[in-house]
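J.: Input structure: target.pdb, which contains PDB, C-alpha atoms.
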```
ATOM      1  CA  MET Q   1     -47.996  51.696   9.448
ATOM      2  CA  ASN Q   2     -50.279  52.905  12.231
ATOM      3  CA  GLU Q   3     -47.723  52.275  14.957
ATOM      4  CA  SER Q   4     -44.535  54.226  15.520
ATOM      5  CA  VAL Q   5     -42.150  53.853  12.596
ATOM      6  CA  LEU Q   6     -39.073  54.743  14.649
ATOM      7  CA  PRO Q   7     -38.496  51.253  16.145
ATOM      8  CA  LEU Q   8     -38.774  49.736  12.657
ATOM      9  CA  LEU Q   9     -36.153  52.111  11.283
ATOM     10  CA  ARG Q  10     -33.896  51.356  14.251
ATOM     11  CA  ARG Q  11     -34.188  47.637  13.507
ATOM     12  CA  ALA Q  12     -33.436  48.202   9.840
ATOM     13  CA  VAL Q  13     -30.328  50.205  10.721
ATOM     14  CA  ASP Q  14     -29.195  47.420  13.059
ATOM     15  CA  GLU Q  15     -29.610  44.843  10.294
ATOM     16  CA  VAL Q  16     -28.008  46.867   7.500
ATOM     17  CA  GLY Q  17     -25.068  48.254   9.488
ATOM     18  CA  PRO Q  18     -23.069  44.992   9.479
ATOM     19  CA  VAL Q  19     -23.479  44.731   5.697
ATOM     20  CA  VAL Q  20     -22.268  48.295   5.141
ATOM     21  CA  ALA Q  21     -19.207  47.352   7.203
ATOM     22  CA  PHE Q  22     -18.128  45.078   4.340
ATOM     23  CA  VAL Q  23     -18.098  47.942   1.834
ATOM     24  CA  ALA Q  24     -14.444  48.704   1.129
ATOM     25  CA  ALA Q  25     -12.608  50.687  -1.529
ATOM     26  CA  ALA Q  26     -11.625  47.496  -3.332
ATOM     27  CA  GLU Q  27     -15.343  46.734  -3.793
ATOM     28  CA  PHE Q  28     -16.522  50.210  -4.851
ATOM     29  CA  GLU Q  29     -16.937  49.404  -8.545
ATOM     30  CA  ARG Q  30     -19.028  46.268  -8.033
ATOM     31  CA  PRO Q  31     -22.373  46.387  -9.865
ATOM     32  CA  THR Q  32     -25.606  46.553  -7.891
ATOM     33  CA  PRO Q  33     -29.273  45.812  -8.605
ATOM     34  CA  CYS Q  34     -29.676  49.584  -9.190
ATOM     35  CA  PRO Q  35     -28.942  50.192 -12.891
ATOM     36  CA  ASP Q  36     -26.009  52.578 -13.428
ATOM     37  CA  PHE Q  37     -25.235  52.662  -9.681
ATOM     38  CA  ASP Q  38     -22.111  50.881  -8.515
ATOM     39  CA  LEU Q  39     -21.623  49.851  -4.897
ATOM     40  CA  LYS Q  40     -19.887  53.084  -3.956
ATOM     41  CA  THR Q  41     -22.723  55.192  -5.379
ATOM     42  CA  VAL Q  42     -25.513  53.201  -3.746
ATOM     43  CA  THR Q  43     -23.768  53.268  -0.372
ATOM     44  CA  ALA Q  44     -23.123  57.005  -0.560
ATOM     45  CA  HIS Q  45     -26.743  57.595  -1.630
ATOM     46  CA  LEU Q  46     -28.030  55.594   1.351
ATOM     47  CA  ILE Q  47     -25.904  57.611   3.767
ATOM     48  CA  GLY Q  48     -26.800  60.891   2.062
ATOM     49  CA  GLY Q  49     -30.503  60.240   2.564
ATOM     50  CA  LEU Q  50     -30.008  59.609   6.262
ATOM     51  CA  ARG Q  51     -27.959  62.794   6.549
ATOM     52  CA  GLY Q  52     -30.582  64.845   4.733
ATOM     53  CA  PHE Q  53     -33.470  63.642   6.876
ATOM     54  CA  ALA Q  54     -31.355  64.026  10.017
ATOM     55  CA  ASP Q  55     -30.861  67.687   9.058
ATOM     56  CA  VAL Q  56     -34.642  68.094   8.811
ATOM     57  CA  GLY Q  57     -35.205  66.433  12.168
ATOM     58  CA  GLU Q  58     -32.639  68.771  13.708
ATOM     59  CA  GLY Q  59     -34.527  71.810  12.449
ATOM     60  CA  ASN Q  60     -32.630  72.569   9.261
ATOM     61  CA  PRO Q  61     -33.946  72.677   5.683
ATOM     62  CA  PHE Q  62     -33.604  69.589   3.524
ATOM     63  CA  GLU Q  63     -30.873  69.803   0.928
ATOM     64  CA  PHE Q  64     -29.921  67.401  -1.820
ATOM     65  CA  GLY Q  65     -26.257  66.520  -2.233
ATOM     66  CA  ASN Q  66     -25.574  65.087   1.222
ATOM     67  CA  ASP Q  67     -23.799  61.998  -0.122
ATOM     68  CA  PRO Q  68     -20.395  61.575   1.548
ATOM     69  CA  ASP Q  69     -17.129  61.174  -0.310
ATOM     70  CA  LEU Q  70     -16.372  57.548   0.471
ATOM     71  CA  ASP Q  71     -12.809  58.002  -0.717
ATOM     72  CA  VAL Q  72     -12.352  60.147   2.376
ATOM     73  CA  VAL Q  73     -14.727  58.733   5.012
ATOM     74  CA  ASN Q  74     -15.292  55.148   6.115
ATOM     75  CA  PRO Q  75     -18.690  53.886   4.842
ATOM     76  CA  ALA Q  76     -19.667  52.116   8.066
ATOM     77  CA  THR Q  77     -18.647  55.054  10.247
ATOM     78  CA  ALA Q  78     -20.552  57.507   8.047
ATOM     79  CA  PHE Q  79     -23.623  55.240   7.940
ATOM     80  CA  HIS Q  80     -23.841  54.868  11.720
ATOM     81  CA  ALA Q  81     -23.192  58.556  12.343
ATOM     82  CA  ALA Q  82     -25.979  59.586   9.970
ATOM     83  CA  ALA Q  83     -28.408  56.955  11.257
ATOM     84  CA  ASP Q  84     -27.716  57.867  14.878
ATOM     85  CA  ARG Q  85     -28.416  61.538  14.131
ATOM     86  CA  MET Q  86     -31.714  60.789  12.422
ATOM     87  CA  LEU Q  87     -32.894  58.327  15.059
ATOM     88  CA  ALA Q  88     -32.037  60.756  17.864
ATOM     89  CA  ALA Q  89     -33.742  63.689  16.161
ATOM     90  CA  PHE Q  90     -36.994  61.848  15.497
ATOM     91  CA  ALA Q  91     -37.060  60.262  18.953
ATOM     92  CA  GLU Q  92     -38.048  63.641  20.404
ATOM     93  CA  PRO Q  93     -41.720  63.804  21.503
ATOM     94  CA  GLY Q  94     -44.153  64.850  18.771
ATOM     95  CA  MET Q  95     -41.748  64.430  15.878
ATOM     96  CA  GLU Q  96     -43.737  61.726  14.079
ATOM     97  CA  THR Q  97     -46.916  63.831  13.966
ATOM     98  CA  ARG Q  98     -45.141  67.089  13.141
ATOM     99  CA  THR Q  99     -45.326  68.369   9.548
ATOM    100  CA  PHE Q 100     -42.147  69.363   7.723
ATOM    101  CA  ALA Q 101     -41.832  71.522   4.620
ATOM    102  CA  MET Q 102     -40.015  69.390   2.059
ATOM    103  CA  PRO Q 103     -39.135  70.140  -1.578
ATOM    104  CA  TRP Q 104     -41.967  67.814  -2.701
ATOM    105  CA  GLY Q 105     -44.536  69.199  -0.244
ATOM    106  CA  ASP Q 106     -45.534  69.021   3.415
ATOM    107  CA  THR Q 107     -44.571  65.669   4.936
ATOM    108  CA  THR Q 108     -45.096  64.289   8.419
ATOM    109  CA  GLY Q 109     -42.273  62.953  10.517
ATOM    110  CA  ALA Q 110     -43.827  59.484  10.330
ATOM    111  CA  GLN Q 111     -43.771  59.683   6.530
ATOM    112  CA  LEU Q 112     -40.119  60.738   6.534
ATOM    113  CA  LEU Q 113     -39.291  57.801   8.792
ATOM    114  CA  GLY Q 114     -41.283  55.523   6.491
ATOM    115  CA  PHE Q 115     -39.421  56.771   3.418
ATOM    116  CA  GLU Q 116     -36.108  56.192   5.145
ATOM    117  CA  LEU Q 117     -37.181  52.747   6.327
ATOM    118  CA  ILE Q 118     -37.731  51.774   2.699
ATOM    119  CA  GLU Q 119     -34.408  53.305   1.672
ATOM    120  CA  VAL Q 120     -32.388  51.628   4.413
ATOM    121  CA  LEU Q 121     -33.877  48.167   4.006
ATOM    122  CA  VAL Q 122     -33.938  48.112   0.200
ATOM    123  CA  HIS Q 123     -30.538  49.707  -0.346
ATOM    124  CA  GLY Q 124     -29.223  47.401   2.369
ATOM    125  CA  TRP Q 125     -30.528  44.568   0.209
ATOM    126  CA  ASP Q 126     -28.808  46.135  -2.827
ATOM    127  CA  ILE Q 127     -25.500  46.283  -0.959
ATOM    128  CA  ALA Q 128     -25.807  42.714   0.307
ATOM    129  CA  ARG Q 129     -26.590  41.410  -3.183
ATOM    130  CA  SER Q 130     -23.703  43.399  -4.678
ATOM    131  CA  LEU Q 131     -21.324  41.825  -2.165
ATOM    132  CA  ASP Q 132     -22.866  38.372  -2.731
ATOM    133  CA  ARG Q 133     -24.047  38.205   0.865
ATOM    134  CA  ALA Q 134     -27.328  36.997   2.280
ATOM    135  CA  PRO Q 135     -30.147  39.555   1.947
ATOM    136  CA  VAL Q 136     -30.955  41.573   5.061
ATOM    137  CA  GLY Q 137     -34.384  42.112   6.581
ATOM    138  CA  ASP Q 138     -36.382  39.774   8.798
ATOM    139  CA  ASN Q 139     -39.906  38.856   7.720
ATOM    140  CA  GLU Q 140     -41.744  41.114  10.178
ATOM    141  CA  LEU Q 141     -39.648  44.096   9.153
ATOM    142  CA  ALA Q 142     -40.107  43.321   5.456
ATOM    143  CA  VAL Q 143     -43.890  43.014   5.861
ATOM    144  CA  ALA Q 144     -44.110  46.426   7.568
ATOM    145  CA  THR Q 145     -41.854  48.058   4.977
ATOM    146  CA  LEU Q 146     -43.788  46.541   2.082
ATOM    147  CA  GLY Q 147     -47.016  47.914   3.532
ATOM    148  CA  GLY Q 148     -45.517  51.396   3.654
ATOM    149  CA  ALA Q 149     -44.056  51.096   0.156
ATOM    150  CA  ARG Q 150     -47.445  50.156  -1.284
ATOM    151  CA  LEU Q 151     -48.947  53.286   0.279
ATOM    152  CA  TRP Q 152     -46.256  55.638  -1.004
ATOM    153  CA  VAL Q 153     -44.781  54.320  -4.242
ATOM    154  CA  ASP Q 154     -46.819  55.004  -7.366
ATOM    155  CA  ASP Q 155     -45.960  55.725 -10.991
ATOM    156  CA  SER Q 156     -44.893  59.278 -10.106
ATOM    157  CA  VAL Q 157     -41.793  57.982  -8.306
ATOM    158  CA  ARG Q 158     -41.016  55.113 -10.658
ATOM    159  CA  THR Q 159     -38.351  57.169 -12.356
ATOM    160  CA  PRO Q 160     -34.608  56.729 -13.026
ATOM    161  CA  GLN Q 161     -32.561  56.833  -9.790
ATOM    162  CA  MET Q 162     -35.653  56.077  -7.705
ATOM    163  CA  PHE Q 163     -37.738  52.972  -8.325
ATOM    164  CA  GLY Q 164     -38.161  50.873 -11.445
ATOM    165  CA  PRO Q 165     -41.302  49.158 -12.705
ATOM    166  CA  GLU Q 166     -42.646  46.447 -10.422
ATOM    167  CA  VAL Q 167     -41.230  42.987 -11.127
ATOM    168  CA  ILE Q 168     -43.975  40.356 -11.079
ATOM    169  CA  ILE Q 169     -43.113  37.360  -8.908
ATOM    170  CA  ALA Q 170     -45.011  34.500  -7.295
ATOM    171  CA  SER Q 171     -47.602  35.577  -4.730
ATOM    172  CA  GLU Q 172     -46.205  33.096  -2.206
ATOM    173  CA  ALA Q 173     -42.734  34.704  -2.332
ATOM    174  CA  SER Q 174     -41.245  35.992   0.911
ATOM    175  CA  ALA Q 175     -42.145  39.486   2.069
ATOM    176  CA  LEU Q 176     -38.582  40.641   1.401
ATOM    177  CA  ASP Q 177     -38.683  39.308  -2.155
ATOM    178  CA  GLN Q 178     -42.070  40.979  -2.653
ATOM    179  CA  LEU Q 179     -40.687  44.258  -1.313
ATOM    180  CA  VAL Q 180     -37.673  44.421  -3.609
ATOM    181  CA  ALA Q 181     -39.741  43.217  -6.580
ATOM    182  CA  PHE Q 182     -42.359  45.894  -5.915
ATOM    183  CA  LEU Q 183     -39.556  48.458  -6.066
ATOM    184  CA  GLY Q 184     -38.194  47.210  -9.378
ATOM    185  CA  ARG Q 185     -35.569  44.652  -8.385
ATOM    186  CA  HIS Q 186     -35.281  41.018  -9.400
ATOM    187  CA  PRO Q 187     -35.100  39.024  -6.123
ATOM    188  CA  THR Q 188     -32.704  36.516  -7.706
ATOM    189  CA  TRP Q 189     -30.270  39.214  -8.901
ATOM    190  CA  LYS Q 190     -26.585  38.349  -8.479
ATOM    191  CA  ALA Q 191     -23.493  40.351  -9.352
ATOM    192  CA  PRO Q 192     -21.987  39.180 -12.626
ATOM    193  CA  THR Q 193     -18.896  37.066 -12.172
ATOM    194  CA  ALA Q 194     -15.820  39.117 -12.983
ATOM    195  CA  LEU Q 195     -13.799  37.907 -15.925
ATOM    196  CA  SER Q 196     -10.176  37.164 -15.124
TER     197      SER Q 196
END
```
Once you've parsed the file, please lay out its structure as structure tokens.
T.:
Amino acid sequence: MNESVLPLLRRAVDEVGPVVAFVAAAEFERPTPCPDFDLKTVTAHLIGGLRGFADVGEGNPFEFGNDPDLDVVNPATAFHAAADRMLAAFAEPGMETRTFAMPWGDTTGAQLLGFELIEVLVHGWDIARSLDRAPVGDNELAVATLGGARLWVDDSVRTPQMFGPEVIIASEASALDQLVAFLGRHPTWKAPTALS
């Protein structure tokens, strides 16, 4: 990712936002491709990451525990509010080359945007799959995100609640399928049919 990451993240937000709009209380307990994470948890985690990085971009320290209480706030409203804050903060001149002190070490603004690009697109895929909707992410966006993921994700972050072991799939698979497989998801995953 040698070019600005900000437009890519903006595109990912635009693609994922309509999917988050389908997340409703009646769907909260649906399973997702993330083991042990139901739809409510994955959605709150996605929003919490945007909130945390928005705080950093606005000049505040990063803190864990930014996930919203989706029993109180609307998921789509919270998602767009957090994304808008982060996009606005990192649109300021010099933000992508600036270095930020993070709990895991110094990180550039471009790296933070790249991390969040992966989070938004892949968790957007998780949400879409959980709701049995078409996966989000056009090919160009998936190719760029996969390139960033291959630079950043190694065995040190293949831990519970982050990324699972890579799933081996056909080399001719779509970029989106390759992306989610690289991050430990089965591209053909579907929510189990509820028993009535």
J.: Can you list what the PyMOL selection byres ((chain Q and resi 90) around 12) grabs from this structure, as a PDB file with C-alpha atoms, in the coordinates of the input?
T.:
```
ATOM      1  CA  SER Q   4     -44.535  54.226  15.520  1.00  0.00           C
ATOM      2  CA  VAL Q   5     -42.150  53.853  12.596  1.00  0.00           C
ATOM      3  CA  LEU Q   6     -39.073  54.743  14.649  1.00  0.00           C
ATOM      4  CA  PRO Q   7     -38.496  51.253  16.145  1.00  0.00           C
ATOM      5  CA  LEU Q   9     -36.153  52.111  11.283  1.00  0.00           C
ATOM      6  CA  ARG Q  10     -33.896  51.356  14.251  1.00  0.00           C
ATOM      7  CA  LEU Q  50     -30.008  59.609   6.262  1.00  0.00           C
ATOM      8  CA  PHE Q  53     -33.470  63.642   6.876  1.00  0.00           C
ATOM      9  CA  ALA Q  54     -31.355  64.026  10.017  1.00  0.00           C
ATOM     10  CA  ASP Q  55     -30.861  67.687   9.058  1.00  0.00           C
ATOM     11  CA  VAL Q  56     -34.642  68.094   8.811  1.00  0.00           C
ATOM     12  CA  GLY Q  57     -35.205  66.433  12.168  1.00  0.00           C
ATOM     13  CA  GLU Q  58     -32.639  68.771  13.708  1.00  0.00           C
ATOM     14  CA  GLY Q  59     -34.527  71.810  12.449  1.00  0.00           C
ATOM     15  CA  ALA Q  83     -28.408  56.955  11.257  1.00  0.00           C
ATOM     16  CA  ASP Q  84     -27.716  57.867  14.878  1.00  0.00           C
ATOM     17  CA  ARG Q  85     -28.416  61.538  14.131  1.00  0.00           C
ATOM     18  CA  MET Q  86     -31.714  60.789  12.422  1.00  0.00           C
ATOM     19  CA  LEU Q  87     -32.894  58.327  15.059  1.00  0.00           C
ATOM     20  CA  ALA Q  88     -32.037  60.756  17.864  1.00  0.00           C
ATOM     21  CA  ALA Q  89     -33.742  63.689  16.161  1.00  0.00           C
ATOM     22  CA  ALA Q  91     -37.060  60.262  18.953  1.00  0.00           C
ATOM     23  CA  GLU Q  92     -38.048  63.641  20.404  1.00  0.00           C
ATOM     24  CA  PRO Q  93     -41.720  63.804  21.503  1.00  0.00           C
ATOM     25  CA  GLY Q  94     -44.153  64.850  18.771  1.00  0.00           C
ATOM     26  CA  MET Q  95     -41.748  64.430  15.878  1.00  0.00           C
ATOM     27  CA  GLU Q  96     -43.737  61.726  14.079  1.00  0.00           C
ATOM     28  CA  THR Q  97     -46.916  63.831  13.966  1.00  0.00           C
ATOM     29  CA  ARG Q  98     -45.141  67.089  13.141  1.00  0.00           C
ATOM     30  CA  PHE Q 100     -42.147  69.363   7.723  1.00  0.00           C
ATOM     31  CA  THR Q 108     -45.096  64.289   8.419  1.00  0.00           C
ATOM     32  CA  GLY Q 109     -42.273  62.953  10.517  1.00  0.00           C
ATOM     33  CA  ALA Q 110     -43.827  59.484  10.330  1.00  0.00           C
ATOM     34  CA  GLN Q 111     -43.771  59.683   6.530  1.00  0.00           C
ATOM     35  CA  LEU Q 112     -40.119  60.738   6.534  1.00  0.00           C
ATOM     36  CA  LEU Q 113     -39.291  57.801   8.792  1.00  0.00           C
ATOM     37  CA  GLY Q 114     -41.283  55.523   6.491  1.00  0.00           C
ATOM     38  CA  GLU Q 116     -36.108  56.192   5.145  1.00  0.00           C
TER      39      GLU Q 116
END
```
J.: Excluding same-chain residues fewer than 2 positions from stretch 42-47 of chain Q, what lies within 6 Å of it counting all atoms listed in the file, as a PDB file with C-alpha atoms, in the frame of the given file?
T.:
```
ATOM      1  CA  PHE Q  37     -25.235  52.662  -9.681  1.00  0.00           C
ATOM      2  CA  LEU Q  39     -21.623  49.851  -4.897  1.00  0.00           C
ATOM      3  CA  LYS Q  40     -19.887  53.084  -3.956  1.00  0.00           C
ATOM      4  CA  GLY Q  49     -30.503  60.240   2.564  1.00  0.00           C
ATOM      5  CA  LEU Q  50     -30.008  59.609   6.262  1.00  0.00           C
ATOM      6  CA  ASP Q  67     -23.799  61.998  -0.122  1.00  0.00           C
ATOM      7  CA  PRO Q  68     -20.395  61.575   1.548  1.00  0.00           C
ATOM      8  CA  PHE Q  79     -23.623  55.240   7.940  1.00  0.00           C
TER       9      PHE Q  79
END
```
J.: So, counting all atoms listed in the file, which residue among Q:Gly164, Q:Ala170, Q:Leu117, Q:Asp132 is closest to Q:Leu146?
T.: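 Among the listed residues, the smallest separation from Q:Leu146 belongs to Q:Leu117.
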J.: List the neighbours of Q:Trp125 out to 8 Å using only C-alpha atoms; skip same-chain residues closer than 6 positions along the sequence, and give me the result as a PyMOL selection string.
T.: chain Q and resi 135-137
J.: Would you mind reading off the distance between atom CA of Q:Arg150 and atom CA of Q:Ser130, one decimal, in Å?
T.: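 One can read the atom CA of Q:Arg150 to atom CA of Q:Ser130 distance as 24.9 Å.
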J.: Report the residues retrieved by the PyMOL selection byres ((chain Q and resi 174) around 12) from the displayed file, expressed as a list in words.
T.: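 So the PyMOL selection byres ((chain Q and resi 174) around 12) ends up selecting Pro135, Gly137, Asp138, Asn139, Glu140, Leu141, Ala142, Val143, Leu146, Ile169, Ala170, Ser171, Glu172, Ala173, Ala175, Leu176, Asp177, Gln178, Leu179, Val180, Ala181 and Pro187 of chain Q.
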J.: Take the residues from that selection and put them in a file with C-alpha atoms, as a PDB file, keeping the file's coordinate frame.
T.:
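Written file, result.pdb:
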```pdb
ATOM      1  CA  PRO Q 135     -30.147  39.555   1.947  1.00  0.00           C
ATOM      2  CA  GLY Q 137     -34.384  42.112   6.581  1.00  0.00           C
ATOM      3  CA  ASP Q 138     -36.382  39.774   8.798  1.00  0.00           C
ATOM      4  CA  ASN Q 139     -39.906  38.856   7.720  1.00  0.00           C
ATOM      5  CA  GLU Q 140     -41.744  41.114  10.178  1.00  0.00           C
ATOM      6  CA  LEU Q 141     -39.648  44.096   9.153  1.00  0.00           C
ATOM      7  CA  ALA Q 142     -40.107  43.321   5.456  1.00  0.00           C
ATOM      8  CA  VAL Q 143     -43.890  43.014   5.861  1.00  0.00           C
ATOM      9  CA  LEU Q 146     -43.788  46.541   2.082  1.00  0.00           C
ATOM     10  CA  ILE Q 169     -43.113  37.360  -8.908  1.00  0.00           C
ATOM     11  CA  ALA Q 170     -45.011  34.500  -7.295  1.00  0.00           C
ATOM     12  CA  SER Q 171     -47.602  35.577  -4.730  1.00  0.00           C
ATOM     13  CA  GLU Q 172     -46.205  33.096  -2.206  1.00  0.00           C
ATOM     14  CA  ALA Q 173     -42.734  34.704  -2.332  1.00  0.00           C
ATOM     15  CA  ALA Q 175     -42.145  39.486   2.069  1.00  0.00           C
ATOM     16  CA  LEU Q 176     -38.582  40.641   1.401  1.00  0.00           C
ATOM     17  CA  ASP Q 177     -38.683  39.308  -2.155  1.00  0.00           C
ATOM     18  CA  GLN Q 178     -42.070  40.979  -2.653  1.00  0.00           C
ATOM     19  CA  LEU Q 179     -40.687  44.258  -1.313  1.00  0.00           C
ATOM     20  CA  VAL Q 180     -37.673  44.421  -3.609  1.00  0.00           C
ATOM     21  CA  ALA Q 181     -39.741  43.217  -6.580  1.00  0.00           C
ATOM     22  CA  PRO Q 187     -35.100  39.024  -6.123  1.00  0.00           C
TER      23      PRO Q 187
END
```
J.: Q:Thr145, Q:Thr99, Q:Thr188, Q:Thr77: which is nearest Q:Ile118, counting all atoms listed in the file?
T.: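 Distance minimum relative to Q:Ile118 lands on Q:Thr145.
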J.: Once the PyMOL selection byres ((chain Q and resi 27) around 12) has been evaluated on this model, what residues remain selected, and can you format them as an MDAnalysis selection string?
T.: chainID Q and resid 20:26 28:32 38:41 43 70:71 75 127:128 130:132 191 194
J.: Adding 5 Å on each side of the box along x, y and z that holds all listed atoms of stretch 129-136 of chain Q, could you give its centre and edge lengths in Å to one decimal, as JSON?
T.:
```
{"center_x": -26.1, "center_y": 40.2, "center_z": 0.2, "size_x": 19.6, "size_y": 16.4, "size_z": 19.7}
```
J.: Within 7 Å of Q:Gly184, counting all atoms listed in the file, which residues qualify if same-chain residues fewer than 5 places away don't, as a ChimeraX atom specification?
T.: /Q:163-167
J.: So, with only C-alpha atoms as the atoms that count, which of Q:Cys34, Q:Leu121, Q:Ala149, Q:Met102 lies closest to Q:Asp14?
T.: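 Of the candidates, the smallest distance to Q:Asp14 is held by Q:Leu121.
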J.: Measure the distance from atom CA of Q:Trp189 to atom CA of Q:Gly17 in Å and round it to one decimal.
T.: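 Computing it gives 21.1 Å between the two atoms.
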